[in-house]
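K.L.:
My questions all concern the structure below.
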Amino acid sequence: MILEASEVFKTYQGVNKKLTVLDNINFHVERGEILAIVGPSGSGKTTLLGLCAGLDNPSSGILKLDNESISAMSENEKAEIRNKKVGFIFQNFQLLPTLSALENVMIPLELQGRSKGARAKAIALLERVGLGDRLNHYPSQLSGGEQQRVSLARAFSNDPEILFADEPTGNLDEETGEIVEHLLFELNKEKQTTLIIVTHDLELANKTDRIIRLKGGKIVSDQSIKSEARS
Amino acid sequence: MKWSLIVKTAIRDSRKDRSKLLLFMSSIILGIAALVAINSFNDNLVRDIDTQSKSLLGADLTVEGNKPIPNSLIASLDSLSSNNSTEVELFSMSYLPSKSESQFVRIKALTGDFPYYGNLVTQPISAASSYKKGKNALVDDGMMLQYGLEVGDSIKLGQTVFLIHGRLMNAFGSIDAGASFAPSVYISGDEMASTELIQPGSLVNYKNYYKVDSDVDLNEWKKERKKQFRTESMRLTTIEDQRENLKEAFSNLNSFLNIVALISLLLACIGVASSVLIYVKTKVQSIAILRCLGMKGEEAFMVYFLQIFALGFLSVVLGVAIGSIMQLILPVVLKGFLPYEVNMTMSSSAIIKGLVMGVLSTTLFALGPLISVRKITPLKTLRINDDPLEADPLRWLVYGLIALSITGFLYSLTGSILEAGIFSLGILVAFLVLYGVAKCVVWSVRRFFPSNASFVLRQGLSNLYRPNNQTQTLVVSIGLGTGILTLLFILQGLILGNVEGMGAGNQPNMIVFGIEADQKDEIEAITNSFNMPVIQNVPVVTMELAAWQGKSKKEWLQDSTRTASRRVINREARVSYQSTMSPDEKLLSGNFTGVYNGEDSIMISLAESYAEDLDVSLHDELVWNVQGTLIKTYVGSIREINFRKMESRFFILFPSGVLEEAPQFRILVTKSPTKQVTADFRNTVVKSMPSASVIDLGSILVTLNDILTKVSYVIKFMAGFSILIGLIVLISSLFLSKYQRIRESVLLRTLGAVQNKIYRINAVEYAALGILSASTGIVLALSGSYLLATFVFELDFNINWLPILGIFVFIVGLTVFIGLWNSRDVVKRSPLEVLRNV
Ligand SMILES: Nc1ncnc2c1ncn2[C@@H]1O[C@H](COP(=O)(O)OP(=O)(O)O)[C@@H](O)[C@H]1O
Ligand SMILES: [Mg+2]
């Protein structure tokens, strides 16, 4: 089991009343699973992803990543876990604007203190996503699709155990989105990573093994899709 | 911590954004440059005061009194030093046989090797030492010119004829205004007796000069024996005392320069804090990503700290270099500015102070905003929001250190913990007031929002409290900037006004002493015939204090509890009488009685300092001995005297109607246009009034005027420099504020707001900010400068409102202009392009 959520609540203190954004969430994810979290806007998908990835703390409940309780960890311990075991892909790419494409991809490796092979590995990954000729471009010199491909390369550069993607194609046109999707699934297959995709795109969700539906902060369904049905 | 990665990231990250740190760098560079320049100038000034005080005194120690030094004291002085000189000084008429003329002179009869420091400047040069052998005299150059005397002529002093051996080009000792303005004649001490001028009752001043070995602690020595000398009415002066006097004379310039130094540093610090704050804000997203990828909070902090520290250090070094170069330019501006030459050398202490203070203050002020980097949450990658950064409890430590370092810096400038504390408190109060005003405005705009106002007004005003507003940052930085500029401006005006009041063209330059009472009209007629103004023509009556507060002088002198010094009690009083008070004097208490009606008590007026020295107050009784006649008076009023004017000032003023019949002489003060007129006037006066002597203050005034012009240069130069820093800081923090509003403006444009509307919305916001901060800053400056003027500079506080209004309009205009300039940048780009890069 790579990820386990039990009795997770998340509430925000509103102007005059408490706002329950996640309401008793329970689920677990096995190693190598590919899973989609879907639901209407405002249903709490991003919030849940943030909790699972150790970016935020739940109001109550337990979250275990690779059998370690992340809700009990300090900020620094969580940072270390993210660096070693987690990869991220964001809707709005989130590349460091002052770093070149290559440097953006190298950052997670360098954070691990592995600067030796970092460069070669990053170049290989960028070539793999088709950006071998854009190594020294800055994010502002890249198109949206290209930026997202850089962030794909970055997400896989530290060989994460689990990869979180929040609306990875949400900011891209259909055609570019498909290229990115395709690359994401291919790379994932090569690296055998657990993949959790948050999306409201049912077509994309249907390409995964399992779909969790959220509504009003509650899980309304959790269904596995046969791999046969998918192909 | 992964240091190599931190360094690498710091360098990479700074590559594209260095221009955003330009304000940061320029404020440090300019601030530190000013600090170093001012500090080394001050150091040079103080060091030269040290060396110059030696040559102004001519010895390490002088002992002085109106009788020869008693044997009881000689013993303790002999143990101090074997090398001493004696001087006997008295005033007497001299006779010039070759011209058949008489002149009132100050005779100084010297033995020994005086001066031990500095030189007696004579023509020929050798005369300075050779005059001591035989009946030779050195005669004041001005007097020799007046009478057309040459070296080799004779001068008769008392019973003895001396040969004029050389011209005396300078004299030692202080020039005290009043009757002692008589030309000097130096003779050998061995010849004094032959003149037979010293008779019982004649006024003679005895002075001994000592050169003391450097291993003797003179201050300690003086402290132990001060009482002993005082009971014998002998006055001790050490180099240290002389130094204090000189320092006193320049203390206002010194304080002003210190304040300018402090202001430069503070401005630099405001620049540092506001630029780093804005820099951090533009980096929030990058930091969140780094955190998300697994960088620890401390590591992210280190990345940006390293950037800022490296650039800060570089800027400090540059600033120190520029400040030192300015040192080399300053001597050109200041040449001949002081009564002695200030040798401009690089002051290593100023350089070290600049480096240490620079690095320390830059680091601390940058740390304030930087410390919040530690708490930037990686959540910001998922949800872009403008939530304020989480406050770090460590910031209190930083604030504490900042307060400590400012106080420390102030202490190093003033040398007084109390003053340093008060100053720091003042700065803190200014900061809190501005912060409070900003908070208050945000609150009240929200509370009393004009919901019916136009769209533009509503948008502009609500920008003041919306999330991501810049109200607090800008109000504090513009307010402090404006406040400091105004403060500097007011102080500069006050000090310059004071300096100009001292110099200026209308100062008298000639005093005629010893005019007989019945020659009042005659001397005025002579003066008018030379087309010169009669600035003062007043009677002087000399008298002695006989008794006061019901005790006789003798009883007072034996009273061990008395506070008045023997010198004050024994001093011959020079009293005048007049029916109105001089317009430039100030009545402190009581009523000024101009005319005595012949019946009531005689009410006299005392100068504040005299009343304090004698420890008498309003209505106390004073009895005077006017050449044998006792006159009983009461203190009717106490005045403050303006000594900056070159006119004669009287500590004691009688009403008219009392002293008219007493033996008296008159003093006339006038102004001569040229040296030639001075000489002609002098000849005419001396011919018709043998008892009168004419003193030319011209040479003294020329130097004084010269000093004062140069002082105003320094003040203007330094203040101008500091004002420049302030403006740069102001302008740049405004320019940087554009990053704050860029997204809003772009979105408004995308939503279809026409350019004009965006301009107007921004104009409203910036005008509100400008008006608010400028007026708060000016109010703060007014209170600050009032306190400084009153308690530090001791100047009258009067200000010119027009320039202050000018500053207000200028700052508000500048704020709006730059605000609009900022939006121009947004407006002229296509909304899409900007959206992509935000
Ligand atoms: N910081 C916050 N404070 C208050 N409410 C929040 C905050 N962040 C998110 N929410 C609320 O949580 C709910 C879920 O948000 P989110 O997880 O972003 O939804 P989704 O990603 O499914 O669209 C929303 O209703 C949102 O308003
Ligand atoms: Mg979402």
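Starting from 1 in every chain, residues are counted up; chains themselves are A, B, ... following the order of the structure tokens, and ligands are numbered from 1 as listed.
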Dump the neighbourhood of ligand 2 as a list in words: all residues within 8 Å, distances computed on only C-alpha atoms and all ligand atoms.

P.N.:
Ser41, Gly42, Gly44, Lys45, Thr46, Thr47, Asp166, Glu167, Val198 and Thr199 of chain A; Leu382 of chain B

K.L.:
Return as a PDB file with N, CA and C atoms, in the first residue's frame the residues of protein, DNA or RNA that approach ligand 1 to within 12 Å, with only C-alpha atoms and all ligand atoms taken into account.

P.N.:
```
ATOM      1  N   PHE A   9     -10.665  14.672   7.494  1.00  0.00           N
ATOM      2  CA  PHE A   9     -11.522  15.859   7.416  1.00  0.00           C
ATOM      3  C   PHE A   9     -10.664  17.075   7.111  1.00  0.00           C
ATOM      4  N   LYS A  10     -11.257  17.996   6.361  1.00  0.00           N
ATOM      5  CA  LYS A  10     -10.587  19.294   6.207  1.00  0.00           C
ATOM      6  C   LYS A  10     -11.640  20.388   6.302  1.00  0.00           C
ATOM      7  N   THR A  11     -11.444  21.271   7.249  1.00  0.00           N
ATOM      8  CA  THR A  11     -12.412  22.363   7.392  1.00  0.00           C
ATOM      9  C   THR A  11     -11.676  23.700   7.343  1.00  0.00           C
ATOM     10  N   TYR A  12     -12.371  24.691   6.841  1.00  0.00           N
ATOM     11  CA  TYR A  12     -11.841  26.063   6.867  1.00  0.00           C
ATOM     12  C   TYR A  12     -12.763  26.907   7.709  1.00  0.00           C
ATOM     13  N   GLN A  13     -12.194  27.823   8.439  1.00  0.00           N
ATOM     14  CA  GLN A  13     -13.017  28.735   9.214  1.00  0.00           C
ATOM     15  C   GLN A  13     -13.509  29.843   8.301  1.00  0.00           C
ATOM     16  N   GLY A  14     -14.792  29.819   8.008  1.00  0.00           N
ATOM     17  CA  GLY A  14     -15.351  30.859   7.144  1.00  0.00           C
ATOM     18  C   GLY A  14     -15.616  32.122   7.924  1.00  0.00           C
ATOM     19  N   VAL A  15     -16.286  33.105   7.277  1.00  0.00           N
ATOM     20  CA  VAL A  15     -16.530  34.386   7.919  1.00  0.00           C
ATOM     21  C   VAL A  15     -17.368  34.201   9.185  1.00  0.00           C
ATOM     22  N   ASN A  16     -18.450  33.412   9.050  1.00  0.00           N
ATOM     23  CA  ASN A  16     -19.219  33.180  10.277  1.00  0.00           C
ATOM     24  C   ASN A  16     -19.571  31.723  10.535  1.00  0.00           C
ATOM     25  N   LYS A  17     -19.143  30.834   9.605  1.00  0.00           N
ATOM     26  CA  LYS A  17     -19.355  29.423   9.933  1.00  0.00           C
ATOM     27  C   LYS A  17     -18.241  28.544   9.381  1.00  0.00           C
ATOM     28  N   LYS A  18     -18.156  27.375   9.958  1.00  0.00           N
ATOM     29  CA  LYS A  18     -17.113  26.449   9.548  1.00  0.00           C
ATOM     30  C   LYS A  18     -17.486  25.813   8.214  1.00  0.00           C
ATOM     31  N   LEU A  19     -16.494  25.722   7.325  1.00  0.00           N
ATOM     32  CA  LEU A  19     -16.737  25.186   5.994  1.00  0.00           C
ATOM     33  C   LEU A  19     -16.033  23.838   5.902  1.00  0.00           C
ATOM     34  N   THR A  20     -16.828  22.761   5.764  1.00  0.00           N
ATOM     35  CA  THR A  20     -16.211  21.434   5.666  1.00  0.00           C
ATOM     36  C   THR A  20     -15.965  21.111   4.202  1.00  0.00           C
ATOM     37  N   VAL A  21     -14.714  21.099   3.837  1.00  0.00           N
ATOM     38  CA  VAL A  21     -14.344  20.905   2.430  1.00  0.00           C
ATOM     39  C   VAL A  21     -14.132  19.425   2.128  1.00  0.00           C
ATOM     40  N   LEU A  22     -13.552  18.695   3.102  1.00  0.00           N
ATOM     41  CA  LEU A  22     -13.433  17.245   2.960  1.00  0.00           C
ATOM     42  C   LEU A  22     -14.104  16.607   4.169  1.00  0.00           C
ATOM     43  N   ASP A  23     -14.962  15.645   3.878  1.00  0.00           N
ATOM     44  CA  ASP A  23     -15.852  15.137   4.916  1.00  0.00           C
ATOM     45  C   ASP A  23     -15.681  13.624   5.032  1.00  0.00           C
ATOM     46  N   ILE A  37      -9.216  11.071  -9.710  1.00  0.00           N
ATOM     47  CA  ILE A  37     -10.181  11.645  -8.783  1.00  0.00           C
ATOM     48  C   ILE A  37     -10.985  12.652  -9.576  1.00  0.00           C
ATOM     49  N   VAL A  38     -12.269  12.435  -9.670  1.00  0.00           N
ATOM     50  CA  VAL A  38     -13.099  13.333 -10.471  1.00  0.00           C
ATOM     51  C   VAL A  38     -14.199  13.934  -9.605  1.00  0.00           C
ATOM     52  N   GLY A  39     -14.822  14.955 -10.137  1.00  0.00           N
ATOM     53  CA  GLY A  39     -15.884  15.608  -9.387  1.00  0.00           C
ATOM     54  C   GLY A  39     -16.057  17.015  -9.907  1.00  0.00           C
ATOM     55  N   PRO A  40     -17.206  17.613  -9.609  1.00  0.00           N
ATOM     56  CA  PRO A  40     -17.429  18.984 -10.078  1.00  0.00           C
ATOM     57  C   PRO A  40     -16.474  19.970  -9.410  1.00  0.00           C
ATOM     58  N   SER A  41     -16.394  21.122 -10.012  1.00  0.00           N
ATOM     59  CA  SER A  41     -15.501  22.149  -9.460  1.00  0.00           C
ATOM     60  C   SER A  41     -15.942  22.518  -8.048  1.00  0.00           C
ATOM     61  N   GLY A  42     -15.015  22.638  -7.167  1.00  0.00           N
ATOM     62  CA  GLY A  42     -15.326  23.001  -5.790  1.00  0.00           C
ATOM     63  C   GLY A  42     -15.645  21.821  -4.919  1.00  0.00           C
ATOM     64  N   SER A  43     -15.513  20.583  -5.462  1.00  0.00           N
ATOM     65  CA  SER A  43     -15.875  19.416  -4.670  1.00  0.00           C
ATOM     66  C   SER A  43     -14.755  19.005  -3.718  1.00  0.00           C
ATOM     67  N   GLY A  44     -13.587  19.610  -3.840  1.00  0.00           N
ATOM     68  CA  GLY A  44     -12.513  19.309  -2.886  1.00  0.00           C
ATOM     69  C   GLY A  44     -11.389  18.478  -3.459  1.00  0.00           C
ATOM     70  N   LYS A  45     -11.331  18.343  -4.788  1.00  0.00           N
ATOM     71  CA  LYS A  45     -10.306  17.488  -5.402  1.00  0.00           C
ATOM     72  C   LYS A  45      -8.889  18.009  -5.103  1.00  0.00           C
ATOM     73  N   THR A  46      -8.712  19.273  -5.408  1.00  0.00           N
ATOM     74  CA  THR A  46      -7.369  19.849  -5.200  1.00  0.00           C
ATOM     75  C   THR A  46      -6.974  19.792  -3.735  1.00  0.00           C
ATOM     76  N   THR A  47      -7.950  20.042  -2.883  1.00  0.00           N
ATOM     77  CA  THR A  47      -7.668  19.987  -1.445  1.00  0.00           C
ATOM     78  C   THR A  47      -7.197  18.587  -1.054  1.00  0.00           C
ATOM     79  N   LEU A  48      -7.868  17.598  -1.560  1.00  0.00           N
ATOM     80  CA  LEU A  48      -7.513  16.223  -1.225  1.00  0.00           C
ATOM     81  C   LEU A  48      -6.121  15.886  -1.741  1.00  0.00           C
ATOM     82  N   LEU A  49      -5.841  16.321  -2.974  1.00  0.00           N
ATOM     83  CA  LEU A  49      -4.532  16.061  -3.551  1.00  0.00           C
ATOM     84  C   LEU A  49      -3.433  16.711  -2.698  1.00  0.00           C
ATOM     85  N   GLY A  50      -3.688  17.948  -2.298  1.00  0.00           N
ATOM     86  CA  GLY A  50      -2.709  18.666  -1.475  1.00  0.00           C
ATOM     87  C   GLY A  50      -2.415  17.921  -0.186  1.00  0.00           C
ATOM     88  N   LEU A  51      -3.475  17.323   0.397  1.00  0.00           N
ATOM     89  CA  LEU A  51      -3.284  16.578   1.645  1.00  0.00           C
ATOM     90  C   LEU A  51      -2.470  15.315   1.394  1.00  0.00           C
ATOM     91  N   ASP A  56      -0.228  20.009   2.719  1.00  0.00           N
ATOM     92  CA  ASP A  56      -1.117  20.648   3.686  1.00  0.00           C
ATOM     93  C   ASP A  56      -1.432  19.621   4.775  1.00  0.00           C
ATOM     94  N   PHE A  90       1.293  20.182 -12.358  1.00  0.00           N
ATOM     95  CA  PHE A  90       0.253  21.146 -11.998  1.00  0.00           C
ATOM     96  C   PHE A  90      -0.489  21.620 -13.220  1.00  0.00           C
ATOM     97  N   GLN A  91      -1.690  22.105 -12.953  1.00  0.00           N
ATOM     98  CA  GLN A  91      -2.498  22.649 -14.035  1.00  0.00           C
ATOM     99  C   GLN A  91      -1.771  23.831 -14.698  1.00  0.00           C
ATOM    100  N   ALA A 165      -1.024  14.521 -10.227  1.00  0.00           N
ATOM    101  CA  ALA A 165      -1.231  15.461 -11.333  1.00  0.00           C
ATOM    102  C   ALA A 165      -2.574  16.144 -11.126  1.00  0.00           C
ATOM    103  N   ASP A 166      -2.547  17.487 -11.011  1.00  0.00           N
ATOM    104  CA  ASP A 166      -3.791  18.239 -10.790  1.00  0.00           C
ATOM    105  C   ASP A 166      -4.213  18.887 -12.089  1.00  0.00           C
ATOM    106  N   GLU A 167      -5.251  18.357 -12.699  1.00  0.00           N
ATOM    107  CA  GLU A 167      -5.721  18.861 -13.990  1.00  0.00           C
ATOM    108  C   GLU A 167      -4.557  19.087 -14.954  1.00  0.00           C
ATOM    109  N   GLY A 170      -5.648  20.755 -18.090  1.00  0.00           N
ATOM    110  CA  GLY A 170      -6.692  21.765 -17.938  1.00  0.00           C
ATOM    111  C   GLY A 170      -6.394  23.085 -18.635  1.00  0.00           C
ATOM    112  N   ILE A 197      -4.399  11.154 -10.755  1.00  0.00           N
ATOM    113  CA  ILE A 197      -4.744  12.296 -11.587  1.00  0.00           C
ATOM    114  C   ILE A 197      -6.041  12.906 -11.078  1.00  0.00           C
ATOM    115  N   VAL A 198      -5.993  14.218 -10.818  1.00  0.00           N
ATOM    116  CA  VAL A 198      -7.217  14.934 -10.495  1.00  0.00           C
ATOM    117  C   VAL A 198      -7.704  15.591 -11.777  1.00  0.00           C
ATOM    118  N   THR A 199      -8.947  15.350 -12.124  1.00  0.00           N
ATOM    119  CA  THR A 199      -9.433  15.928 -13.381  1.00  0.00           C
ATOM    120  C   THR A 199     -10.955  16.006 -13.383  1.00  0.00           C
ATOM    121  N   HIS A 200     -11.472  16.886 -14.213  1.00  0.00           N
ATOM    122  CA  HIS A 200     -12.908  16.822 -14.438  1.00  0.00           C
ATOM    123  C   HIS A 200     -13.182  16.308 -15.863  1.00  0.00           C
ATOM    124  N   ARG A 213     -15.022   9.302  -7.201  1.00  0.00           N
ATOM    125  CA  ARG A 213     -15.832  10.490  -7.454  1.00  0.00           C
ATOM    126  C   ARG A 213     -16.071  11.254  -6.161  1.00  0.00           C
ATOM    127  N   LEU A 214     -15.826  12.521  -6.234  1.00  0.00           N
ATOM    128  CA  LEU A 214     -16.038  13.390  -5.075  1.00  0.00           C
ATOM    129  C   LEU A 214     -17.220  14.286  -5.349  1.00  0.00           C
ATOM    130  N   LYS A 215     -17.998  14.559  -4.284  1.00  0.00           N
ATOM    131  CA  LYS A 215     -19.065  15.544  -4.412  1.00  0.00           C
ATOM    132  C   LYS A 215     -19.283  16.176  -3.047  1.00  0.00           C
ATOM    133  N   GLY A 216     -19.194  17.469  -3.010  1.00  0.00           N
ATOM    134  CA  GLY A 216     -19.380  18.168  -1.730  1.00  0.00           C
ATOM    135  C   GLY A 216     -18.460  17.665  -0.645  1.00  0.00           C
ATOM    136  N   GLY A 217     -17.247  17.239  -1.029  1.00  0.00           N
ATOM    137  CA  GLY A 217     -16.264  16.835  -0.035  1.00  0.00           C
ATOM    138  C   GLY A 217     -16.406  15.396   0.415  1.00  0.00           C
ATOM    139  N   LYS A 218     -17.333  14.662  -0.196  1.00  0.00           N
ATOM    140  CA  LYS A 218     -17.504  13.256   0.194  1.00  0.00           C
ATOM    141  C   LYS A 218     -17.205  12.372  -1.003  1.00  0.00           C
ATOM    142  N   ILE A 219     -16.704  11.148  -0.697  1.00  0.00           N
ATOM    143  CA  ILE A 219     -16.524  10.186  -1.787  1.00  0.00           C
ATOM    144  C   ILE A 219     -17.883   9.574  -2.088  1.00  0.00           C
TER     145      ILE A 219
ATOM    146  N   THR B 377       4.265  28.465   2.143  1.00  0.00           N
ATOM    147  CA  THR B 377       3.813  27.086   2.058  1.00  0.00           C
ATOM    148  C   THR B 377       3.776  26.584   0.616  1.00  0.00           C
ATOM    149  N   LEU B 379       1.666  24.898  -0.646  1.00  0.00           N
ATOM    150  CA  LEU B 379       0.281  24.884  -1.120  1.00  0.00           C
ATOM    151  C   LEU B 379       0.040  25.926  -2.197  1.00  0.00           C
ATOM    152  N   LYS B 380       0.868  26.970  -2.181  1.00  0.00           N
ATOM    153  CA  LYS B 380       0.666  28.050  -3.142  1.00  0.00           C
ATOM    154  C   LYS B 380       0.852  27.574  -4.577  1.00  0.00           C
ATOM    155  N   THR B 381       1.405  26.357  -4.762  1.00  0.00           N
ATOM    156  CA  THR B 381       1.519  25.847  -6.121  1.00  0.00           C
ATOM    157  C   THR B 381       0.164  25.390  -6.618  1.00  0.00           C
ATOM    158  N   LEU B 382      -0.663  24.912  -5.713  1.00  0.00           N
ATOM    159  CA  LEU B 382      -1.975  24.410  -6.116  1.00  0.00           C
ATOM    160  C   LEU B 382      -2.983  25.529  -6.235  1.00  0.00           C
ATOM    161  N   ARG B 383      -2.813  26.536  -5.422  1.00  0.00           N
ATOM    162  CA  ARG B 383      -3.798  27.602  -5.344  1.00  0.00           C
ATOM    163  C   ARG B 383      -3.038  28.905  -5.295  1.00  0.00           C
ATOM    164  N   ILE B 384      -3.060  29.634  -6.408  1.00  0.00           N
ATOM    165  CA  ILE B 384      -2.363  30.916  -6.401  1.00  0.00           C
ATOM    166  C   ILE B 384      -3.207  31.901  -5.634  1.00  0.00           C
ATOM    167  N   ASN B 385      -2.685  32.390  -4.564  1.00  0.00           N
ATOM    168  CA  ASN B 385      -3.454  33.387  -3.832  1.00  0.00           C
ATOM    169  C   ASN B 385      -2.527  34.474  -3.312  1.00  0.00           C
ATOM    170  N   ASP B 386      -3.137  35.565  -2.923  1.00  0.00           N
ATOM    171  CA  ASP B 386      -2.344  36.686  -2.451  1.00  0.00           C
ATOM    172  C   ASP B 386      -2.440  36.807  -0.942  1.00  0.00           C
ATOM    173  N   ASP B 387      -2.718  35.670  -0.309  1.00  0.00           N
ATOM    174  CA  ASP B 387      -2.785  35.719   1.146  1.00  0.00           C
ATOM    175  C   ASP B 387      -1.491  36.306   1.671  1.00  0.00           C
ATOM    176  N   PRO B 388      -1.597  37.105   2.726  1.00  0.00           N
ATOM    177  CA  PRO B 388      -0.356  37.637   3.296  1.00  0.00           C
ATOM    178  C   PRO B 388       0.533  36.496   3.766  1.00  0.00           C
TER     179      PRO B 388
END
```

K.L.:
Please run DSSP on the backbone and report, as a PyMOL selection string, all residues within region 352-467 of chain B that come out as helix (DSSP H, G or I).

P.N.:
chain B and resi 352-375+378-381+394-414+417-447+455-462

K.L.:
If we count only C-alpha atoms, which residues of chain B reach to within 8 Å of chain A? Please list them as JSON, numbers by chain.

P.N.:
{"B": [2, 5, 12, 13, 14, 15, 16, 17, 286, 289, 291, 292, 293, 294, 295, 296, 297, 377, 378, 379, 381, 382, 837]}

K.L.:
Write a file of the just-selected residues containing N, CA and C atoms, as an mmCIF file, in the first residue's frame.

P.N.:
```
data_model
loop_
_atom_site.group_PDB
_atom_site.id
_atom_site.type_symbol
_atom_site.label_atom_id
_atom_site.label_comp_id
_atom_site.auth_asym_id
_atom_site.auth_seq_id
_atom_site.Cartn_x
_atom_site.Cartn_y
_atom_site.Cartn_z
ATOM 1 N N LYS B 2 21.992 21.714 2.048
ATOM 2 C CA LYS B 2 22.744 21.358 0.840
ATOM 3 C C LYS B 2 23.345 22.626 0.266
ATOM 4 N N LEU B 5 23.921 23.280 -3.538
ATOM 5 C CA LEU B 5 22.672 23.511 -4.264
ATOM 6 C C LEU B 5 22.130 24.902 -3.952
ATOM 7 N N ARG B 12 21.603 31.068 -9.951
ATOM 8 C CA ARG B 12 20.713 30.902 -11.106
ATOM 9 C C ARG B 12 19.490 31.795 -10.984
ATOM 10 N N ASP B 13 18.905 31.787 -9.801
ATOM 11 C CA ASP B 13 17.649 32.506 -9.614
ATOM 12 C C ASP B 13 17.827 34.009 -9.789
ATOM 13 N N SER B 14 19.021 34.505 -9.460
ATOM 14 C CA SER B 14 19.205 35.956 -9.507
ATOM 15 C C SER B 14 19.465 36.438 -10.929
ATOM 16 N N ARG B 15 19.817 35.491 -11.808
ATOM 17 C CA ARG B 15 20.242 35.895 -13.155
ATOM 18 C C ARG B 15 19.302 36.880 -13.829
ATOM 19 N N LYS B 16 18.021 36.511 -13.827
ATOM 20 C CA LYS B 16 17.098 37.310 -14.636
ATOM 21 C C LYS B 16 16.494 38.481 -13.859
ATOM 22 N N ASP B 17 16.721 38.517 -12.566
ATOM 23 C CA ASP B 17 15.985 39.487 -11.749
ATOM 24 C C ASP B 17 16.861 40.532 -11.096
ATOM 25 N N SER B 286 7.950 31.051 -6.889
ATOM 26 C CA SER B 286 9.140 30.212 -7.082
ATOM 27 C C SER B 286 9.488 29.471 -5.804
ATOM 28 N N ILE B 289 7.214 26.537 -5.283
ATOM 29 C CA ILE B 289 7.560 25.400 -6.138
ATOM 30 C C ILE B 289 8.760 24.652 -5.560
ATOM 31 N N ARG B 291 9.701 24.544 -2.556
ATOM 32 C CA ARG B 291 9.261 23.844 -1.346
ATOM 33 C C ARG B 291 8.515 22.573 -1.730
ATOM 34 N N CYS B 292 7.696 22.683 -2.768
ATOM 35 C CA CYS B 292 6.905 21.553 -3.219
ATOM 36 C C CYS B 292 7.813 20.427 -3.694
ATOM 37 N N LEU B 293 8.898 20.807 -4.336
ATOM 38 C CA LEU B 293 9.820 19.803 -4.848
ATOM 39 C C LEU B 293 10.699 19.244 -3.743
ATOM 40 N N GLY B 294 10.520 19.741 -2.537
ATOM 41 C CA GLY B 294 11.206 19.126 -1.417
ATOM 42 C C GLY B 294 12.306 19.954 -0.794
ATOM 43 N N MET B 295 12.354 21.237 -1.126
ATOM 44 C CA MET B 295 13.367 22.062 -0.463
ATOM 45 C C MET B 295 12.840 22.458 0.914
ATOM 46 N N LYS B 296 13.749 22.453 1.905
ATOM 47 C CA LYS B 296 13.309 22.794 3.238
ATOM 48 C C LYS B 296 13.180 24.315 3.386
ATOM 49 N N GLY B 297 12.361 24.719 4.329
ATOM 50 C CA GLY B 297 12.134 26.148 4.548
ATOM 51 C C GLY B 297 13.427 26.914 4.758
ATOM 52 N N THR B 377 4.265 28.465 2.143
ATOM 53 C CA THR B 377 3.813 27.086 2.058
ATOM 54 C C THR B 377 3.776 26.584 0.616
ATOM 55 N N PRO B 378 4.097 25.307 0.428
ATOM 56 C CA PRO B 378 4.086 24.739 -0.926
ATOM 57 C C PRO B 378 2.675 24.695 -1.503
ATOM 58 N N LEU B 379 1.666 24.898 -0.646
ATOM 59 C CA LEU B 379 0.281 24.884 -1.120
ATOM 60 C C LEU B 379 0.040 25.926 -2.197
ATOM 61 N N THR B 381 1.405 26.357 -4.762
ATOM 62 C CA THR B 381 1.519 25.847 -6.121
ATOM 63 C C THR B 381 0.164 25.390 -6.618
ATOM 64 N N LEU B 382 -0.663 24.912 -5.713
ATOM 65 C CA LEU B 382 -1.975 24.410 -6.116
ATOM 66 C C LEU B 382 -2.983 25.529 -6.235
ATOM 67 N N ASN B 837 2.578 36.039 -18.942
ATOM 68 C CA ASN B 837 3.835 36.121 -18.189
ATOM 69 C C ASN B 837 3.665 36.435 -16.714
#
```

K.L.:
What does the structure give for the distance between CA of Val456 (chain B) and CA of Leu820 (chain B), in Å to one decimal?

P.N.:
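Computing it gives 14.2 Å between the two atoms.
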
K.L.:
Interatomic distance between CA of Gly460 (chain B) and CA of Ala774 (chain B)?

P.N.:
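A separation of 18.3 Å between them.
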
K.L.:
I need the residues of region 2-217 of chain A that end up classed as strand (DSSP E or B) by DSSP on the backbone, written out as JSON, numbers by chain.

P.N.:
{"A": [3, 4, 5, 6, 7, 8, 9, 10, 11, 12, 13, 18, 19, 20, 21, 22, 23, 24, 25, 26, 27, 28, 29, 34, 35, 36, 37, 38, 60, 61, 62, 63, 64, 65, 68, 69, 86, 87, 88, 89, 162, 163, 164, 165, 166, 194, 195, 196, 197, 198, 210, 211, 212, 213, 214, 215]}
